[in-house]
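Enquirer: Take a look at my_file.csv, CSV, C-alpha atoms:
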chain,number,residue,atom,x,y,z
A,1,MET,CA,0.0,0.0,0.0
A,2,SER,CA,1.4,3.4,-0.9
A,3,THR,CA,0.3,6.9,0.1
A,4,THR,CA,1.9,10.3,0.5
A,5,GLY,CA,5.1,8.9,-1.1
A,6,GLN,CA,5.5,6.2,1.6
A,7,ASP,CA,4.9,2.5,1.2
A,8,PHE,CA,3.5,0.6,4.1
A,9,ASP,CA,1.7,-2.7,4.8
A,10,LEU,CA,-1.1,-3.8,7.2
A,11,SER,CA,-0.8,-7.3,8.6
A,12,GLU,CA,-3.4,-8.9,10.7
A,13,VAL,CA,-2.2,-10.0,14.2
A,14,SER,CA,-4.0,-11.4,17.2
A,15,PHE,CA,-4.7,-9.5,20.4
A,16,ASP,CA,-2.3,-11.8,22.2
A,17,GLU,CA,0.5,-10.4,19.9
A,18,LEU,CA,-0.1,-6.8,21.2
A,19,PRO,CA,2.7,-6.3,23.8
A,20,GLY,CA,1.1,-5.5,27.1
A,21,TRP,CA,-2.5,-5.8,25.9
A,22,GLN,CA,-3.6,-7.9,28.9
A,23,ALA,CA,-2.4,-5.2,31.3
A,24,ASP,CA,-4.1,-2.3,29.5
A,25,ASP,CA,-7.3,-0.7,30.7
A,26,PRO,CA,-9.0,1.0,27.8
A,27,SER,CA,-12.1,1.9,29.9
A,28,GLN,CA,-11.2,5.6,29.5
A,29,LEU,CA,-11.9,5.4,25.8
A,30,PHE,CA,-15.6,4.9,26.1
A,31,PRO,CA,-16.6,8.6,26.9
A,32,ALA,CA,-14.5,9.6,23.9
A,33,LEU,CA,-16.2,7.0,21.6
A,34,ARG,CA,-19.6,8.4,22.7
A,35,SER,CA,-18.4,12.0,22.0
A,36,VAL,CA,-17.2,11.0,18.6
A,37,LEU,CA,-20.6,9.3,17.9
A,38,ALA,CA,-22.5,12.4,19.0
A,39,HIS,CA,-20.3,14.6,16.9
A,40,LEU,CA,-20.8,12.5,13.8
A,41,GLN,CA,-24.5,12.4,14.3
A,42,GLY,CA,-24.7,16.2,14.3
A,43,SER,CA,-22.1,17.1,11.8
A,44,LYS,CA,-20.4,16.0,8.6
A,45,PRO,CA,-18.3,12.8,8.6
A,46,TYR,CA,-14.5,13.0,9.2
A,47,ARG,CA,-12.3,13.2,6.2
A,48,THR,CA,-11.4,9.8,4.9
A,49,GLY,CA,-7.6,9.2,5.0
A,50,ALA,CA,-5.7,7.5,2.2
A,51,LEU,CA,-5.9,4.2,4.0
A,52,GLY,CA,-9.6,4.1,3.0
A,53,LEU,CA,-11.3,3.7,6.4
A,54,THR,CA,-14.4,5.9,6.6
A,55,ALA,CA,-16.6,7.3,9.3
A,56,ASP,CA,-19.2,4.7,8.1
A,57,ASP,CA,-16.7,1.9,8.8
A,58,LEU,CA,-16.3,3.3,12.4
A,59,ALA,CA,-20.0,3.9,13.1
A,60,PRO,CA,-21.0,0.3,14.1
A,61,LEU,CA,-18.2,0.3,16.8
A,62,LEU,CA,-19.3,3.7,18.1
A,63,GLU,CA,-23.0,2.6,18.3
A,64,LYS,CA,-22.1,-0.6,20.2
A,65,ALA,CA,-20.0,1.4,22.6
A,66,GLU,CA,-22.8,3.9,23.3
A,67,ASN,CA,-24.6,1.8,25.8
A,68,TYR,CA,-21.9,-0.8,26.6
A,69,GLU,CA,-21.9,-1.6,30.3
A,70,LEU,CA,-18.3,-1.4,31.7
A,71,ALA,CA,-17.2,-3.4,34.6
A,72,GLY,CA,-13.4,-3.1,34.7
A,73,ALA,CA,-10.5,-3.4,32.4
A,74,GLU,CA,-11.1,-7.0,31.3
A,75,ILE,CA,-14.7,-6.1,30.1
A,76,ALA,CA,-13.3,-3.1,28.2
A,77,ARG,CA,-10.7,-5.2,26.5
A,78,GLN,CA,-13.3,-7.8,25.6
A,79,PHE,CA,-15.4,-5.2,23.8
A,80,PHE,CA,-12.5,-4.4,21.4
A,81,GLU,CA,-11.6,-8.0,21.0
A,82,GLN,CA,-15.2,-8.8,20.1
A,83,HIS,CA,-15.7,-6.0,17.6
A,84,CYS,CA,-12.3,-5.2,16.1
A,85,LEU,CA,-9.4,-6.9,14.5
A,86,PRO,CA,-5.8,-5.6,15.1
A,87,PHE,CA,-3.4,-4.9,12.2
A,88,LYS,CA,0.2,-4.0,12.5
A,89,ILE,CA,1.4,-1.0,10.4
A,90,SER,CA,4.8,-1.8,8.9
A,91,ILE,CA,6.7,0.7,6.8
A,92,ALA,CA,8.2,-1.0,3.7
A,93,SER,CA,11.6,0.6,4.2
A,94,GLY,CA,11.9,-1.1,7.6
A,95,LYS,CA,11.9,2.2,9.4
A,96,GLN,CA,10.3,2.0,12.8
A,97,GLY,CA,7.3,3.9,14.0
A,98,PHE,CA,7.9,7.0,16.2
A,99,VAL,CA,6.0,8.8,18.9
A,100,THR,CA,6.3,12.2,20.5
A,101,ALA,CA,3.9,13.9,22.8
A,102,PHE,CA,2.0,17.1,23.2
A,103,TYR,CA,0.1,18.9,25.9
A,104,GLU,CA,-2.2,21.9,26.6
A,105,PRO,CA,0.0,24.7,28.1
A,106,GLU,CA,-1.2,27.2,30.6
A,107,LEU,CA,-0.1,30.7,29.6
A,108,GLU,CA,-0.2,33.9,31.6
A,109,VAL,CA,-1.6,36.7,29.5
A,110,SER,CA,-3.0,40.3,29.5
A,111,ALA,CA,-6.1,41.6,27.9
A,112,THR,CA,-4.2,44.7,26.9
A,113,PRO,CA,-0.7,45.3,25.6
A,114,ASP,CA,2.1,47.2,27.2
A,115,ASP,CA,5.9,47.1,27.3
A,116,ILE,CA,5.8,43.7,29.1
A,117,TRP,CA,2.8,42.1,27.5
A,118,LYS,CA,3.6,42.6,23.9
A,119,TYR,CA,3.4,39.3,22.0
A,120,PRO,CA,-0.1,38.8,20.5
A,121,ILE,CA,-2.2,35.7,20.1
A,122,TYR,CA,-4.0,36.2,16.8
A,123,ARG,CA,-7.4,35.1,15.5
A,124,ARG,CA,-7.6,34.0,11.9
A,125,PRO,CA,-7.2,37.0,9.5
A,126,ALA,CA,-9.8,37.6,6.8
A,127,ASP,CA,-7.2,37.5,4.0
A,128,LEU,CA,-6.2,33.9,4.8
A,129,ILE,CA,-8.2,31.5,2.6
A,130,ASP,CA,-8.5,27.8,2.4
A,131,LEU,CA,-6.7,26.3,-0.7
A,132,ASP,CA,-7.6,23.2,-2.6
A,133,ASP,CA,-7.2,21.9,-6.1
A,134,SER,CA,-9.9,24.3,-7.4
A,135,ASN,CA,-8.2,27.5,-6.4
A,136,ARG,CA,-4.5,26.7,-5.7
A,137,PRO,CA,-2.2,28.4,-8.3
A,138,ALA,CA,0.2,26.1,-10.1
A,139,ASP,CA,3.2,27.7,-8.5
A,140,ILE,CA,2.1,26.9,-4.9
A,141,ASP,CA,3.1,23.6,-3.6
A,142,PRO,CA,0.1,21.1,-3.0
A,143,TYR,CA,1.2,21.0,0.7
A,144,TYR,CA,-0.3,24.4,1.2
A,145,ALA,CA,-3.8,24.3,2.6
A,146,PHE,CA,-4.0,28.0,3.2
A,147,GLY,CA,-3.0,31.1,1.2
A,148,LEU,CA,-3.2,34.8,0.9
A,149,ASN,CA,-6.1,36.4,-1.1
A,150,ARG,CA,-5.1,40.0,-1.9
A,151,ASP,CA,-7.6,41.6,-4.2
A,152,GLY,CA,-8.4,38.3,-5.8
A,153,ALA,CA,-4.8,37.4,-6.4
A,154,ILE,CA,-3.8,34.2,-4.5
A,155,SER,CA,-0.3,33.7,-3.2
A,156,THR,CA,1.5,32.2,-0.1
A,157,TYR,CA,0.8,33.9,3.2
A,158,PRO,CA,3.4,35.9,5.1
A,159,ASP,CA,5.4,33.6,7.3
A,160,ARG,CA,6.3,33.7,11.0
A,161,GLY,CA,9.1,36.3,10.6
A,162,GLU,CA,6.9,38.6,8.6
A,163,ILE,CA,4.0,38.3,11.0
A,164,ASP,CA,6.3,38.9,14.0
A,165,ARG,CA,7.6,42.0,12.3
A,166,GLY,CA,4.1,43.5,12.1
A,167,TYR,CA,2.2,42.2,9.1
A,168,LEU,CA,-1.1,41.9,11.1
A,169,ASP,CA,-0.7,45.1,13.2
A,170,GLY,CA,-3.8,47.2,13.5
A,171,ARG,CA,-6.4,44.7,12.4
A,172,GLY,CA,-7.9,44.0,15.8
A,173,LEU,CA,-7.2,40.3,15.7
A,174,GLU,CA,-5.6,40.0,19.1
A,175,ILE,CA,-7.2,37.6,21.6
A,176,ALA,CA,-4.6,38.4,24.3
A,177,TRP,CA,-1.0,39.3,24.8
A,178,ALA,CA,1.8,37.1,26.3
A,179,LYS,CA,5.0,38.4,27.8
A,180,SER,CA,7.3,35.7,26.4
A,181,LYS,CA,7.8,35.1,22.7
A,182,VAL,CA,9.3,31.7,23.5
A,183,ASP,CA,6.3,30.6,25.6
A,184,LEU,CA,4.0,31.8,22.8
A,185,PHE,CA,6.0,29.9,20.2
A,186,PHE,CA,5.5,26.6,22.2
A,187,VAL,CA,1.8,27.3,22.4
A,188,HIS,CA,1.9,27.5,18.6
A,189,VAL,CA,3.7,24.1,18.5
A,190,GLN,CA,1.0,22.6,20.8
A,191,GLY,CA,-1.9,24.2,19.0
A,192,ALA,CA,-4.0,24.9,22.1
A,193,ALA,CA,-3.7,26.6,25.5
A,194,ARG,CA,-5.4,27.8,28.6
A,195,LEU,CA,-5.0,31.5,28.9
A,196,ARG,CA,-4.9,32.8,32.5
A,197,PHE,CA,-5.5,36.5,33.1
A,198,ALA,CA,-4.4,38.6,36.1
A,199,ASP,CA,-8.0,38.8,37.4
A,200,GLY,CA,-8.2,35.0,37.5
A,201,ALA,CA,-10.3,34.6,34.4
A,202,VAL,CA,-9.5,31.7,32.2
A,203,LYS,CA,-9.9,31.4,28.4
A,204,ARG,CA,-9.2,28.4,26.2
A,205,VAL,CA,-7.8,28.8,22.7
A,206,THR,CA,-7.4,26.2,20.1
A,207,TYR,CA,-6.2,25.9,16.5
A,208,ALA,CA,-8.2,27.8,13.9
A,209,ALA,CA,-5.8,27.9,10.9
A,210,LYS,CA,-2.2,28.2,9.9
A,211,ALA,CA,-0.3,30.5,7.6
A,212,GLY,CA,0.3,27.4,5.4
A,213,HIS,CA,4.1,27.0,5.5
A,214,GLN,CA,5.6,23.6,6.4
A,215,PHE,CA,6.6,23.0,10.0
A,216,SER,CA,10.3,23.1,10.5
A,217,ALA,CA,11.5,21.8,13.9
A,218,ILE,CA,13.9,24.3,15.6
A,219,GLY,CA,15.3,21.3,17.6
A,220,ARG,CA,16.5,19.8,14.3
A,221,LEU,CA,18.1,23.2,13.4
A,222,LEU,CA,19.9,23.3,16.8
A,223,LEU,CA,21.1,19.7,16.4
A,224,ASP,CA,22.4,20.4,12.9
A,225,ARG,CA,24.3,23.3,14.3
A,226,GLY,CA,25.8,21.2,17.1
A,227,GLU,CA,24.1,23.3,19.7
A,228,LEU,CA,22.3,20.4,21.4
A,229,ASP,CA,23.1,16.8,22.2
A,230,PRO,CA,20.9,14.3,20.2
A,231,THR,CA,20.9,12.0,23.2
A,232,THR,CA,19.3,14.5,25.6
A,233,ILE,CA,17.3,16.8,23.3
A,234,SER,CA,13.8,17.7,24.6
A,235,MET,CA,11.5,20.6,24.8
A,236,GLN,CA,13.2,21.5,28.1
A,237,THR,CA,16.7,21.6,26.6
A,238,ILE,CA,15.5,23.6,23.6
A,239,ARG,CA,13.9,26.1,26.0
A,240,ALA,CA,17.0,26.3,28.1
A,241,TRP,CA,19.2,27.0,25.0
A,242,LEU,CA,16.8,29.8,23.9
A,243,ASN,CA,16.9,31.3,27.4
A,244,ASP,CA,20.7,31.3,27.3
A,245,HIS,CA,20.9,32.8,23.8
A,246,PRO,CA,18.3,35.7,23.7
A,247,GLU,CA,20.1,37.4,20.9
A,248,GLN,CA,19.4,34.4,18.6
A,249,VAL,CA,15.8,33.8,19.6
A,250,ASP,CA,14.2,35.5,16.6
A,251,GLU,CA,16.5,33.9,14.1
A,252,VAL,CA,15.9,30.4,15.5
A,253,LEU,CA,12.1,30.8,15.9
A,254,TRP,CA,11.7,32.3,12.4
A,255,HIS,CA,13.4,29.1,11.0
A,256,ASN,CA,9.9,27.6,11.6
A,257,ARG,CA,8.0,29.6,9.1
A,258,SER,CA,4.7,27.9,10.1
A,259,TYR,CA,2.4,30.3,12.1
A,260,ILE,CA,-0.8,29.2,13.9
A,261,PHE,CA,-4.0,31.3,14.3
A,262,PHE,CA,-6.4,30.5,17.2
A,263,ARG,CA,-10.0,30.7,18.1
A,264,GLU,CA,-11.6,31.0,21.5
A,265,ALA,CA,-13.0,27.7,22.7
A,266,ASP,CA,-15.5,26.6,25.4
A,267,VAL,CA,-13.9,26.8,28.9
A,268,GLU,CA,-16.6,24.6,30.5
A,269,GLY,CA,-15.2,21.4,32.0
A,270,LEU,CA,-11.5,22.4,32.5
A,271,GLU,CA,-11.0,18.8,33.8
A,272,LEU,CA,-11.5,17.7,30.2
A,273,GLY,CA,-8.9,18.1,27.5
A,274,PRO,CA,-9.1,20.7,24.8
A,275,ILE,CA,-11.3,20.3,21.7
A,276,ALA,CA,-8.9,19.3,18.9
A,277,ALA,CA,-9.2,18.5,15.2
A,278,ALA,CA,-11.7,15.7,15.7
A,279,LYS,CA,-14.0,18.2,17.5
A,280,VAL,CA,-14.3,16.2,20.7
A,281,PRO,CA,-12.4,16.6,24.0
A,282,LEU,CA,-9.0,15.0,24.2
A,283,ILE,CA,-8.3,12.5,27.0
A,284,ALA,CA,-5.0,12.6,28.7
A,285,GLY,CA,-2.9,9.6,27.9
A,286,ARG,CA,-5.5,8.1,25.5
A,287,SER,CA,-5.6,10.6,22.6
A,288,LEU,CA,-3.3,10.3,19.6
A,289,ALA,CA,-2.5,12.8,16.9
A,290,VAL,CA,-2.0,11.1,13.5
A,291,ASP,CA,-1.4,12.0,9.9
A,292,ARG,CA,-4.9,12.8,8.7
A,293,LEU,CA,-3.9,12.4,5.1
A,294,ILE,CA,-3.5,8.7,5.8
A,295,HIS,CA,-5.7,7.9,8.8
A,296,THR,CA,-9.3,8.8,9.7
A,297,PHE,CA,-10.2,10.4,13.1
A,298,GLY,CA,-11.9,8.2,15.7
A,299,PHE,CA,-10.2,4.9,15.0
A,300,PRO,CA,-8.5,3.0,17.8
A,301,PHE,CA,-4.7,2.6,17.7
A,302,TYR,CA,-2.6,0.4,20.0
A,303,ILE,CA,0.8,1.9,20.6
A,304,SER,CA,3.7,-0.2,22.0
A,305,SER,CA,7.1,1.2,23.0
A,306,ALA,CA,9.5,-0.7,25.1
A,307,SER,CA,11.8,2.4,25.5
A,308,LEU,CA,9.0,4.7,26.5
A,309,THR,CA,8.7,4.1,30.2
A,310,HIS,CA,8.3,7.4,32.0
A,311,LEU,CA,4.6,7.7,31.2
A,312,ASP,CA,3.8,4.5,33.0
A,313,GLN,CA,5.9,4.5,36.2
A,314,GLY,CA,8.8,2.8,34.6
A,315,GLN,CA,6.8,0.2,32.6
A,316,PRO,CA,7.0,-0.1,28.8
A,317,PHE,CA,4.3,1.9,27.1
A,318,GLY,CA,1.4,-0.2,25.8
A,319,ARG,CA,-2.0,1.6,25.4
A,320,LEU,CA,-5.1,1.6,23.3
A,321,MET,CA,-5.7,5.2,22.1
A,322,LEU,CA,-8.1,7.1,19.8
A,323,ALA,CA,-7.0,9.1,16.8
A,324,LEU,CA,-8.4,12.5,17.7
A,325,ASP,CA,-6.0,15.1,16.5
A,326,THR,CA,-3.3,15.8,13.9
A,327,GLY,CA,-0.3,18.1,13.5
A,328,SER,CA,2.1,19.6,10.9
A,329,ALA,CA,4.9,17.5,12.2
A,330,ILE,CA,2.9,14.2,12.3
A,331,VAL,CA,3.7,12.7,8.9
A,332,GLY,CA,3.6,9.0,8.0
A,333,PRO,CA,1.5,5.9,8.7
A,334,ALA,CA,3.3,5.0,11.9
A,335,ARG,CA,3.9,8.5,13.4
A,336,GLY,CA,1.9,9.7,16.4
A,337,ASP,CA,1.7,12.4,19.0
A,338,ILE,CA,0.5,11.4,22.5
A,339,PHE,CA,-1.6,13.9,24.4
A,340,THR,CA,-0.3,14.0,28.0
A,341,GLY,CA,-2.8,16.4,29.5
A,342,SER,CA,-2.9,20.1,30.6
A,343,GLY,CA,-0.5,22.3,32.6
A,344,ASP,CA,3.2,22.3,33.5
A,345,GLU,CA,3.3,18.7,34.8
A,346,ALA,CA,1.9,17.4,31.5
A,347,GLY,CA,4.4,19.5,29.7
A,348,GLU,CA,7.3,17.9,31.6
A,349,LEU,CA,6.0,14.5,30.6
A,350,ALA,CA,5.4,15.5,26.9
A,351,GLY,CA,8.7,17.3,26.4
A,352,THR,CA,10.9,14.1,26.7
A,353,VAL,CA,8.9,11.7,24.6
A,354,ARG,CA,10.8,10.9,21.5
A,355,ASN,CA,10.6,7.1,21.1
A,356,VAL,CA,10.4,4.4,18.5
A,357,ALA,CA,7.1,2.5,18.7
A,358,ASP,CA,5.0,-0.2,17.1
A,359,PHE,CA,1.7,1.0,15.7
A,360,TYR,CA,-1.4,-1.3,15.5
A,361,ILE,CA,-4.7,0.0,14.1
A,362,LEU,CA,-7.9,-1.7,15.3
A,363,ILE,CA,-10.4,-2.0,12.5
A,364,PRO,CA,-14.1,-2.8,13.1
A,365,ARG,CA,-14.8,-6.3,11.9
A,366,GLY,CA,-17.2,-5.2,9.2
A,367,ALA,CA,-14.5,-3.2,7.5
A,368,ALA,CA,-11.5,-5.4,8.4
A,369,GLU,CA,-12.3,-8.0,5.6
A,370,ARG,CA,-11.0,-5.4,3.1
A,371,TYR,CA,-7.6,-5.5,4.7
A,372,ARG,CA,-7.1,-9.2,5.4
What's the structure tokens form of this structure?
Expert:
Amino acid sequence: MSTTGQDFDLSEVSFDELPGWQADDPSQLFPALRSVLAHLQGSKPYRTGALGLTADDLAPLLEKAENYELAGAEIARQFFEQHCLPFKISIASGKQGFVTAFYEPELEVSATPDDIWKYPIYRRPADLIDLDDSNRPADIDPYYAFGLNRDGAISTYPDRGEIDRGYLDGRGLEIAWAKSKVDLFFVHVQGAARLRFADGAVKRVTYAAKAGHQFSAIGRLLLDRGELDPTTISMQTIRAWLNDHPEQVDEVLWHNRSYIFFREADVEGLELGPIAAAKVPLIAGRSLAVDRLIHTFGFPFYISSASLTHLDQGQPFGRLMLALDTGSAIVGPARGDIFTGSGDEAGELAGTVRNVADFYILIPRGAAERYR
């Protein structure tokens, strides 16, 4: 099977072949399955990825989960064993799967700018348009899903450096202002945040659109320059380097031309995760961002990583998760981003996840025959 320039195969396995399956407790997935069902019943179906699995393929599993009576981990596992078949995703080149992690930061902000609070969080601008095959000019790479419409002429949108230098000044797009350009950059990387104001008010923001340019990891830039050790690189070491080299912050951040625009989101139920690309709340430790060009939101994935131990008190990682989000850096059939939760502690967990992993997709039995 080939898609997005990468060959991969699906091979059916048994549940007994999933490392750690008998120790996993997928009970937490059921509220998310019900949320996905409610969303699909009231909205258009999720986009079908190149793998070919559709929202209709997922629907029978969601409907069975809606009123399923849980009574512990074993019963939860039995539900998936009864209604799904697991398939291992293997990349033809032999390259292993890979996981990172993301979280919902909490950012101190101000409702008004001054000499301290001077870095804006922007809403989507009116001159940013969606691009597809019907309106994308021939000279714009097919990767670009957004572009600039200036008096009917379509081109690429200004990048991070141009926006930071004032391209959007005076348009009234600011949701709030942060005091740290670096903190705001990492909010862009995560794609969501809780904004905490001085008066105690809390707003939630989430991804609305992007300027269109490809994501370029600043960690990779610093590795290529020999500034960081590849054996210890993490979000924390990148932040520390930026803190120690303030005169180079703009140059390094502008290397990542991608720029994220936000929208204000519902703040009810802060104990729940943010609403992400699948339009349902993320569940800490059980939500996975995937390549949406290949995979379809809502499907269960089992992720196994013997080297990833700090998320499970020193035990190898083995969990059933739901594909509920995506990201610019999440590219490939066996590439995932684990949502670790909200706040600083979740950020500490997320910042050090860079591990090889095996990916298994659970396909509802009615659709699985197409892949056997």
Enquirer: In Å, with one decimal, what is the gap from atom CA of Trp21 of chain A to atom CA of Ala92 of chain A?
Expert: 25.1 Å
Enquirer: In Å, with one decimal, what is the gap from atom CA of Val202 of chain A to atom CA of Arg239 of chain A?
Expert: 24.8 Å
Enquirer: Could I get the residues of segment 311-341 of chain A with an atom no further than 8 Å from an atom of segment 95-109 of chain A, each paired with its nearest atom pair and that distance in Å to one decimal, using all atoms listed in the file, sorted by chain and residue number, as JSON lines?
Expert:
{"residue": "A:Ala334", "atom": "CA", "partner": "A:Gly97", "partner_atom": "CA", "distance": 4.6}
{"residue": "A:Arg335", "atom": "CA", "partner": "A:Phe98", "partner_atom": "CA", "distance": 5.1}
{"residue": "A:Gly336", "atom": "CA", "partner": "A:Val99", "partner_atom": "CA", "distance": 4.9}
{"residue": "A:Asp337", "atom": "CA", "partner": "A:Ala101", "partner_atom": "CA", "distance": 4.6}
{"residue": "A:Ile338", "atom": "CA", "partner": "A:Ala101", "partner_atom": "CA", "distance": 4.2}
{"residue": "A:Phe339", "atom": "CA", "partner": "A:Phe102", "partner_atom": "CA", "distance": 5.0}
{"residue": "A:Thr340", "atom": "CA", "partner": "A:Tyr103", "partner_atom": "CA", "distance": 5.3}
{"residue": "A:Gly341", "atom": "CA", "partner": "A:Tyr103", "partner_atom": "CA", "distance": 5.3}
Enquirer: Could you produce a table of the residues of segment 146-218 of chain A lying within 12 Å of segment 118-125 of chain A, with the nearest pair of atoms per residue and their separation in Å rounded to one decimal, using only C-alpha atoms, ordered by chain and increasing residue number, as a tab-separated table?
Expert:
residue	atom	partner	partner_atom	distance
A:Phe146	CA	A:Arg124	CA	11.2
A:Gly147	CA	A:Pro125	CA	11.0
A:Leu148	CA	A:Pro125	CA	9.7
A:Asn149	CA	A:Pro125	CA	10.7
A:Arg150	CA	A:Pro125	CA	12.0
A:Tyr157	CA	A:Pro125	CA	10.6
A:Pro158	CA	A:Pro125	CA	11.5
A:Ile163	CA	A:Tyr122	CA	10.1
A:Asp164	CA	A:Tyr119	CA	8.5
A:Arg165	CA	A:Tyr119	CA	10.9
A:Gly166	CA	A:Pro120	CA	10.5
A:Tyr167	CA	A:Pro125	CA	10.7
A:Leu168	CA	A:Pro125	CA	8.0
A:Asp169	CA	A:Pro120	CA	9.7
A:Gly170	CA	A:Pro125	CA	11.5
A:Arg171	CA	A:Pro125	CA	8.3
A:Gly172	CA	A:Tyr122	CA	8.8
A:Leu173	CA	A:Arg123	CA	5.2
A:Glu174	CA	A:Tyr122	CA	4.7
A:Ile175	CA	A:Ile121	CA	5.6
A:Ala176	CA	A:Ile121	CA	5.5
A:Trp177	CA	A:Pro120	CA	4.4
A:Ala178	CA	A:Tyr119	CA	5.1
A:Lys179	CA	A:Lys118	CA	5.9
A:Ser180	CA	A:Tyr119	CA	6.9
A:Lys181	CA	A:Tyr119	CA	6.1
A:Val182	CA	A:Tyr119	CA	9.7
A:Asp183	CA	A:Tyr119	CA	9.9
A:Leu184	CA	A:Tyr119	CA	7.6
A:Phe185	CA	A:Tyr119	CA	9.9
A:Val187	CA	A:Ile121	CA	9.6
A:His188	CA	A:Ile121	CA	9.3
A:Gly191	CA	A:Ile121	CA	11.6
A:Ala192	CA	A:Ile121	CA	11.1
A:Ala193	CA	A:Ile121	CA	10.7
A:Leu195	CA	A:Ile121	CA	10.1
A:Arg204	CA	A:Ile121	CA	11.8
A:Val205	CA	A:Ile121	CA	9.3
A:Thr206	CA	A:Arg123	CA	10.0
A:Tyr207	CA	A:Arg123	CA	9.3
A:Ala208	CA	A:Arg124	CA	6.5
A:Ala209	CA	A:Arg124	CA	6.4
A:Lys210	CA	A:Arg124	CA	8.2
A:Ala211	CA	A:Arg124	CA	9.2
Enquirer: Just checking: using all atoms listed in the file, which residue out of A:Asp114, A:Tyr46, A:Ser90, A:Glu247 ends up closest to Asp325 of chain A?
Expert: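 When distances to Asp325 of chain A are compared using all atoms listed in the file, the smallest one comes from A:Tyr46.
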Enquirer: Which residue out of A:Gln28, A:Thr309, A:Ser43, A:Gln315 has the minimum interatomic distance to Ala278 of chain A when all atoms listed in the file are used?
Expert: A:Ser43
Enquirer: Any idea what the distance is between atom CA of Leu222 of chain A and atom CA of Trp241 of chain A?
Expert: 9.0 Å
Enquirer: May I ask which of the residues A:Ile238, A:Leu70, A:Ala350, A:Ala357 is the closest one to Gly318 of chain A, counting all atoms listed in the file?
Expert: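 Once distances to Gly318 of chain A are computed over all atoms listed in the file, the minimum belongs to A:Ala357.
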Enquirer: Which of these residues is nearest to Pro281 of chain A, using all atoms listed in the file: A:Leu29, A:Ile363, A:Leu18, A:Leu311?
Expert: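 Ranked by minimum distance to Pro281 of chain A, first place goes to A:Leu29.
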Enquirer: Counting only C-alpha atoms, which residues of segment 236-352 of chain A sit at most 9 Å from some atom of segment 32-38 of chain A, and what is each one's closest atom pair with its distance in Å to one decimal, listed by chain and rising residue number, as CSV?
Expert:
residue,atom,partner,partner_atom,distance
A:Ala278,CA,A:Val36,CA,7.8
A:Lys279,CA,A:Val36,CA,8.0
A:Val280,CA,A:Ser35,CA,6.0
A:Pro281,CA,A:Ala32,CA,7.3
A:Leu282,CA,A:Ala32,CA,7.7
A:Ile283,CA,A:Ala32,CA,7.5
A:Phe297,CA,A:Val36,CA,8.9
A:Gly298,CA,A:Val36,CA,6.7
A:Leu322,CA,A:Ala32,CA,8.0
A:Leu324,CA,A:Val36,CA,9.0
